[in-house]
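Remarks on the structure that follows.
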Amino acid sequence: MTDAPSPAWPRALRALALLAVDPTGLGGITLRARAGPVRQSLERALEQVPLTQRRLHPDVSDIQLFGGTDIAATLAQGRLVRDPGLADTPALLILPMAERTTPGLAARLGAILDCGRGHALVLLDEGIDNDEHAPGTLGDRLAFHVDLHDTRWLEARVSLPAPGDLDPARKRLRHVASSGNDAAALTALAARFGIDSPRAPLLALRTARAIAALDGHDHVTDTALREAAELVYPSRATMLPQTDDDPPQPADQDTTPDDAPPDQDQSSPDALPDDIMVEAVRALLPPSLLDQIADARSGPRGASGTGAGARRRGNRRGRPLPARPGRPDSHARIDVVATLRAAVPWQRLRRAHHPGAPQRVIIHPGDIRLRRYEDRSDRLLIFTVDASGSAAMARLAEAKGAVELLLAQAYARRDQVALVAFRGAGAEVLLPPTRSLVQAKRRLAGMPGGGGTPLAAGLVAASVLAEQARGRGLSPALALLTDGRANVALDGAGDRARAMEDTAQTARHCLSQNIPGVVIDTATRPGDAPATLAAQLGARYLALPRADAQGISSAVTAALDG
Amino acid sequence: MTTAFPFSAIVGQDQMKLAMILTAIEPRLGGVLVFGDRGTGKSTAVRALAALLPPIPVVEGCPVNSPNPADCPDWATVISDKTIVRPTPVIDLPLGVTEDRVTGALDIERALTRGEKAFEPGLLARANRGYLYIDEVNLLEDHIVDLLLDVAQSGENVVEREGLSVRHPARFVLVGSGNPEEGELRPQLLDRFGLSVEVTSPTDIEERIEVIRRRDAFDRAPEAFVADWQAQEADIRDRILAARGTLDATDTSDAALRDCAELCVALGADGLRGELTLLRAARALAAYERAADVTRDHLRHVAPLALSHRLRRDPLDESGSAARVARTVADVLG
């Protein structure tokens, strides 16, 4: 925290004022701040936006969003009554805890914004770490992004234009003219900051128009253009403009717009002092830009640490369970027979109560029974065992013992197991996914040792298995037992350097597949190589202790469950 | 529904537009899957396609859009014998859709209020002889995907639940779009799509500027913008209709068939669906370009569309599968 007043607050106010002028055109705003007085005062200021406010929550059901049957009214009136959803009426949707939004909800909200019925969205992003943030699909559709983490309450004084000023601005907005050059300048600028999505310049153009309208102009001025770029671009920038001598952006990013010869930028028909705009936006770039680029490239995005566990919603397929009373929503189906059965005993009483009821059967909302299913997503434990000479010499027997104990546990938990061994020139799936403990034990016992260490091939085999398993609805996990000393490359050549390179690459691939796992170091002395490999895999590292197999297996269980 | 952005006004994205046009010419291709970055006009193109499709004759009031009264299913109470002409149905399958809405189910309203057993047709019935569009198809719940796979293959929707036993034709073209960052698509569903396109943001500044200009013009005055593009839209529609007419007359030589087979073998595509799709797509392209027979150029052009999603994934090849197809095409066809 610095002593200088944070520039974020005036930007936030400006963004809010613009949102009040053109809420649906601009889409909305992402407010990144912890819940607190600063955010509260800003939320209060949202009242200036001329839309009804509707507060959502990350678990909002589809019926609330898109509408559905109003059971109580339907039963009372004897005909189908629909309950309108949030998507039907224009509203300012406010989503707190936006960093926990699931991709499904993000897609639904995106669809609502896209259908153009006059919705705007405010994302209240309470993420703390860099890897916790509101979904990109939504942020892409909203014009503004403001980070208020460093804003102190004393600065947070709300001063928005009076409603009397906003109304004429809204009227003026329709007549604000913009030249083709404005669009060109904003697009060129977006390209220089490595912003890929065409929505960004479009939103910036609309912002510029709203600024012009708010400031009382009838065309987009240069100042408006610059301010629009300052408001819309900083949060989306993926690289610094190329004016620097040291381009910090990663090489395989989509650099083509930037690699284009510089005369392209100059030839683009912008009468605007381009550099001033670049400088202005650059001053507002988040300091963590480079970190974010690095984050985006490594590691599973938003999957770990967001508290979102593996989904297991057991009410649509699987083994049927007895029906249960409840409110139907899009995730559950009504069990008609059970519902009627629940209503039957009361018919005479109810008929006496409502003698003139038109229905043949009088059903109350409380009679509704829902279908339930139990769907267990099995875990698949893929044992990938290094059976090479180096490991075999050292501790293959111990590793086998550990695997055997883990197998027993897997059996108890009804997990499935698969066994991949790698040695010599390649890897082999000794045992495809199975629940058969006997078979697994037999294959394990018969597993020979010796030869080189084709670690990369082993990882490829394991990841292919994992992917197939995922397709069948299993949740795969990887247990890799190795000493990490890869010396056979993927193509079978005995080249240590290339083998390590291939291993690192396949490990990154596994990481992108998001396979949880554990690396068990089976070397005589715990070394760096397996630890590095574990980091590349995003897996836990466990040095096989000089202990009995029992200790190992409990350590592995703890690592995989935790 | 709001006015759709005109198809012809979409800047660039030629592969995507070509794929859409090819399915419009040859519905048996099996649909299009558009995968790509955010904001690349995926949904825009699909919605624009609807305006391009020629109208079809249907029996008035038939829930499954039957072409003549004899085809109407027996469970539907169709009163009229009149045939009307209506636009090709393009049905949206929203993400949060329930199984009942998709396949159709017991009419809860009639069951609960009148105690009658009646079938309420779902989205699959409405999409018969038309298009079924799934936005964010990779986020679709698994059990809905299972349903779609089954019906897309058999062309018939069978409902056996709650004492109902109903079947009706459901032949539709699947059109899906999605962002690969948000999740993978199961290979089984991938295979059901005839063509697949990967779209990326345009990298050329001038092209981007044009995108922004047109979109902005459309946002400010949709009707005027659509009117401006009327002529181009009509032009494409006419070419599609003409191509449909000449499709059957377009020749496929044995050499072209051999090329198809060799390409698929070289790429290691699973099954024979790849060859069939490749052939049909090339024939549709030939018809669209008013050529008399399928040439190697046509094959070369449509191979990435028809094959790139049928390859086995190679974890080490980081270039996209379209690039791999292009490489193999260059090897095989010279």
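Here's how to read the names in the structure tokens: chain A, B, ... by the order shown, residue numbers from 1 in each chain, ligand numbers from 1 in the order shown.
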
TODO: Excluding Pro6 of chain B and any residue of its chain fewer than 5 positions from it, enumerate the residues within 8 Å of it, using only C-alpha atoms, and give them as a PyMOL selection string.
DONE: chain B and resi 48+51+226+229+233

Output C-alpha atoms for every residue in the selection just made, as a JSON list (two decimals), in the first residue's frame.
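What landed in part.json:
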[["chain", "number", "residue", "atom", "x", "y", "z"],
["B", 48, "ALA", "CA", -26.57, -15.92, -39.43],
["B", 51, "ALA", "CA", -31.25, -16.71, -42.50],
["B", 226, "VAL", "CA", -29.04, -5.77, -42.97],
["B", 229, "TRP", "CA", -26.13, -6.58, -47.27],
["B", 233, "GLU", "CA", -27.10, -12.56, -48.81]]

- [ ] Can you pull out every residue within 10 Å of segment 127-133 of chain B, counting only C-alpha atoms, but drop anything in the same chain fewer than 4 positions away, and send it as a VMD selection string?
- [x] chain B and resid 24 27 31 to 33 43 46 to 47 50 53 56 58 63 to 67 87 to 94 122 to 123 137 155 to 157 168 to 177

TODO: Fewer than 4 positions away in the same chain doesn't count, so skip those; otherwise give me all residues within 6 Å of Ser388 of chain A, counting only C-alpha atoms, as an MDAnalysis selection string.
DONE: chainID A and resid 392 423 449:453

TODO: Using only C-alpha atoms, pick whichever of A:Asp521, A:Asp196, A:Asp367, A:Asp182 has the shortest atom-to-atom distance to Arg324 of chain A.
DONE: A:Asp367

Task: Residue list for chain A near chain B as a PyMOL selection string, 8 Å, only C-alpha atoms - done: chain A and resi 62+74-75+78-80+103-104+107-108+115-116+137+140+180+183-184+187-188+191+196-199+201-202+256-257+268+316-317+330-331+336-337+359-363+460+471+505-506+509

Can I get the selected residues back with C-alpha atoms, as a JSON list (two decimals), in the first residue's frame?
[["chain", "number", "residue", "atom", "x", "y", "z"],
["A", 62, "ASP", "CA", -31.42, -22.65, -14.27],
["A", 74, "THR", "CA", -49.70, -24.63, -11.73],
["A", 75, "LEU", "CA", -51.34, -26.94, -9.24],
["A", 78, "GLY", "CA", -54.94, -26.40, -12.96],
["A", 79, "ARG", "CA", -52.92, -25.23, -15.96],
["A", 80, "LEU", "CA", -49.26, -24.76, -16.67],
["A", 103, "PRO", "CA", -17.79, -22.56, -16.48],
["A", 104, "GLY", "CA", -21.39, -23.67, -16.88],
["A", 107, "ALA", "CA", -21.61, -19.73, -20.25],
["A", 108, "ARG", "CA", -25.23, -19.24, -19.25],
["A", 115, "CYS", "CA", -29.14, -12.27, -26.37],
["A", 116, "GLY", "CA", -29.46, -8.51, -26.13],
["A", 137, "THR", "CA", -15.69, -15.64, -20.78],
["A", 140, "ASP", "CA", -14.38, -10.49, -21.96],
["A", 180, "GLY", "CA", -13.91, 5.16, -38.94],
["A", 183, "ALA", "CA", -12.31, 2.35, -34.60],
["A", 184, "ALA", "CA", -9.03, 1.92, -36.46],
["A", 187, "THR", "CA", -8.13, -1.69, -32.84],
["A", 188, "ALA", "CA", -4.49, -0.96, -33.64],
["A", 191, "ALA", "CA", -3.27, -5.28, -31.11],
["A", 196, "ASP", "CA", -6.92, -10.85, -29.15],
["A", 197, "SER", "CA", -10.62, -10.61, -28.61],
["A", 198, "PRO", "CA", -12.41, -8.28, -31.02],
["A", 199, "ARG", "CA", -14.84, -7.48, -28.23],
["A", 201, "PRO", "CA", -12.02, -2.57, -29.28],
["A", 202, "LEU", "CA", -15.76, -2.75, -29.73],
["A", 256, "THR", "CA", 1.72, -11.78, -35.35],
["A", 257, "PRO", "CA", -0.05, -8.44, -34.91],
["A", 268, "SER", "CA", -2.97, 2.78, -40.10],
["A", 316, "ARG", "CA", -29.79, -38.09, -13.50],
["A", 317, "ARG", "CA", -28.20, -41.35, -14.13],
["A", 330, "SER", "CA", -33.61, -28.27, -13.97],
["A", 331, "HIS", "CA", -31.45, -30.79, -12.16],
["A", 336, "VAL", "CA", -44.98, -38.86, -11.61],
["A", 337, "VAL", "CA", -46.00, -42.20, -10.22],
["A", 359, "GLN", "CA", -58.98, -31.54, -11.40],
["A", 360, "ARG", "CA", -59.54, -35.27, -11.26],
["A", 361, "VAL", "CA", -56.71, -35.56, -8.80],
["A", 362, "ILE", "CA", -55.95, -32.74, -6.40],
["A", 363, "ILE", "CA", -52.25, -32.43, -5.95],
["A", 460, "VAL", "CA", 2.61, -40.74, -22.26],
["A", 471, "GLY", "CA", -14.03, -40.22, -21.13],
["A", 505, "GLN", "CA", 7.42, -31.90, -22.09],
["A", 506, "THR", "CA", 5.19, -34.88, -21.39],
["A", 509, "HIS", "CA", 1.18, -32.18, -21.04]]

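Between Phe5 of chain B and the candidates B:Leu285, B:Ala45, B:Ala306, B:Leu299, the tightest atom-to-atom separation, counting only C-alpha atoms, involves B:Ala45.
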
- [ ] Run DSSP on the backbone of this structure and report the residues of segment 81-131 of chain A it assigns to strand (DSSP E or B), as an NGL selection string.
- [x] :A and (82-83 or 92-95 or 120-125)

Save out the residues we just selected, N, CA, C and O atoms, as an mmCIF file, in the first residue's frame.
data_model
loop_
_atom_site.group_PDB
_atom_site.id
_atom_site.type_symbol
_atom_site.label_atom_id
_atom_site.label_comp_id
_atom_site.auth_asym_id
_atom_site.auth_seq_id
_atom_site.Cartn_x
_atom_site.Cartn_y
_atom_site.Cartn_z
ATOM 1 N N ARG A 82 -45.962 -20.576 -16.009
ATOM 2 C CA ARG A 82 -44.510 -20.428 -16.089
ATOM 3 C C ARG A 82 -44.035 -19.323 -15.160
ATOM 4 O O ARG A 82 -44.700 -18.312 -14.999
ATOM 5 N N ASP A 83 -42.890 -19.572 -14.599
ATOM 6 C CA ASP A 83 -42.274 -18.607 -13.713
ATOM 7 C C ASP A 83 -41.189 -17.920 -14.545
ATOM 8 O O ASP A 83 -40.272 -18.578 -15.001
ATOM 9 N N LEU A 92 -29.930 -5.425 -14.002
ATOM 10 C CA LEU A 92 -28.514 -5.345 -13.684
ATOM 11 C C LEU A 92 -28.224 -6.534 -12.775
ATOM 12 O O LEU A 92 -28.643 -6.562 -11.626
ATOM 13 N N LEU A 93 -27.553 -7.524 -13.305
ATOM 14 C CA LEU A 93 -27.271 -8.724 -12.528
ATOM 15 C C LEU A 93 -25.995 -8.515 -11.729
ATOM 16 O O LEU A 93 -24.983 -8.099 -12.283
ATOM 17 N N ILE A 94 -26.070 -8.773 -10.449
ATOM 18 C CA ILE A 94 -24.885 -8.622 -9.606
ATOM 19 C C ILE A 94 -24.492 -9.992 -9.092
ATOM 20 O O ILE A 94 -25.295 -10.683 -8.467
ATOM 21 N N LEU A 95 -23.282 -10.393 -9.381
ATOM 22 C CA LEU A 95 -22.834 -11.733 -8.992
ATOM 23 C C LEU A 95 -21.692 -11.624 -7.995
ATOM 24 O O LEU A 95 -20.566 -11.330 -8.369
ATOM 25 N N ALA A 120 -27.175 -6.128 -17.921
ATOM 26 C CA ALA A 120 -25.802 -5.751 -17.640
ATOM 27 C C ALA A 120 -25.368 -6.578 -16.445
ATOM 28 O O ALA A 120 -26.206 -7.074 -15.693
ATOM 29 N N LEU A 121 -24.076 -6.758 -16.295
ATOM 30 C CA LEU A 121 -23.585 -7.671 -15.276
ATOM 31 C C LEU A 121 -22.511 -6.985 -14.454
ATOM 32 O O LEU A 121 -21.626 -6.327 -15.002
ATOM 33 N N VAL A 122 -22.602 -7.130 -13.146
ATOM 34 C CA VAL A 122 -21.539 -6.656 -12.270
ATOM 35 C C VAL A 122 -20.947 -7.883 -11.593
ATOM 36 O O VAL A 122 -21.659 -8.621 -10.917
ATOM 37 N N LEU A 123 -19.671 -8.125 -11.819
ATOM 38 C CA LEU A 123 -19.011 -9.257 -11.176
ATOM 39 C C LEU A 123 -18.280 -8.737 -9.952
ATOM 40 O O LEU A 123 -17.422 -7.865 -10.074
ATOM 41 N N LEU A 124 -18.614 -9.242 -8.797
ATOM 42 C CA LEU A 124 -17.878 -8.871 -7.594
ATOM 43 C C LEU A 124 -16.855 -9.983 -7.352
ATOM 44 O O LEU A 124 -17.178 -11.034 -6.829
ATOM 45 N N ASP A 125 -15.656 -9.725 -7.785
ATOM 46 C CA ASP A 125 -14.599 -10.727 -7.754
ATOM 47 C C ASP A 125 -13.850 -10.581 -6.438
ATOM 48 O O ASP A 125 -13.223 -9.564 -6.186
#

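In this structure, atom CA of Val146 of chain A sits 20.0 Å away from atom CA of Leu56 of chain A.
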
- [ ] Just the residues within 10 Å of Gly458 of chain A, please, counting only C-alpha atoms, with nothing from its chain fewer than 6 positions along; format it as an MDAnalysis selection string.
- [x] chainID A and resid 384:386 420:423 426:429 480 490 503 506

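What separates atom CA of Ala410 of chain A from atom CA of Ala466 of chain A is a distance of 16.5 Å.
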
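Pairwise distance (atom CA of Asp502 of chain A, atom CA of Phe35 of chain B) equals 28.6 Å.
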
TODO: Taking the chain letters and numbering used in this document, name the residues of segment 90-306 of chain B that DSSP puts in helix (DSSP H, G or I), as a PyMOL selection string.
DONE: chain B and resi 99-103+108-114+123-127+137-139+142-154+180-182+187-192+205-220+222-228+230-249+254-267+273-288+296-306

Open item on the list: With only C-alpha atoms as the counted atoms, please give the residues lying no more than 12 Å from Arg244 of chain B, apart from itself and same-chain residues fewer than 4 positions off, as a PyMOL selection string.
Closed with: chain B and resi 21-28+53-54+237-240+248-250+283-290
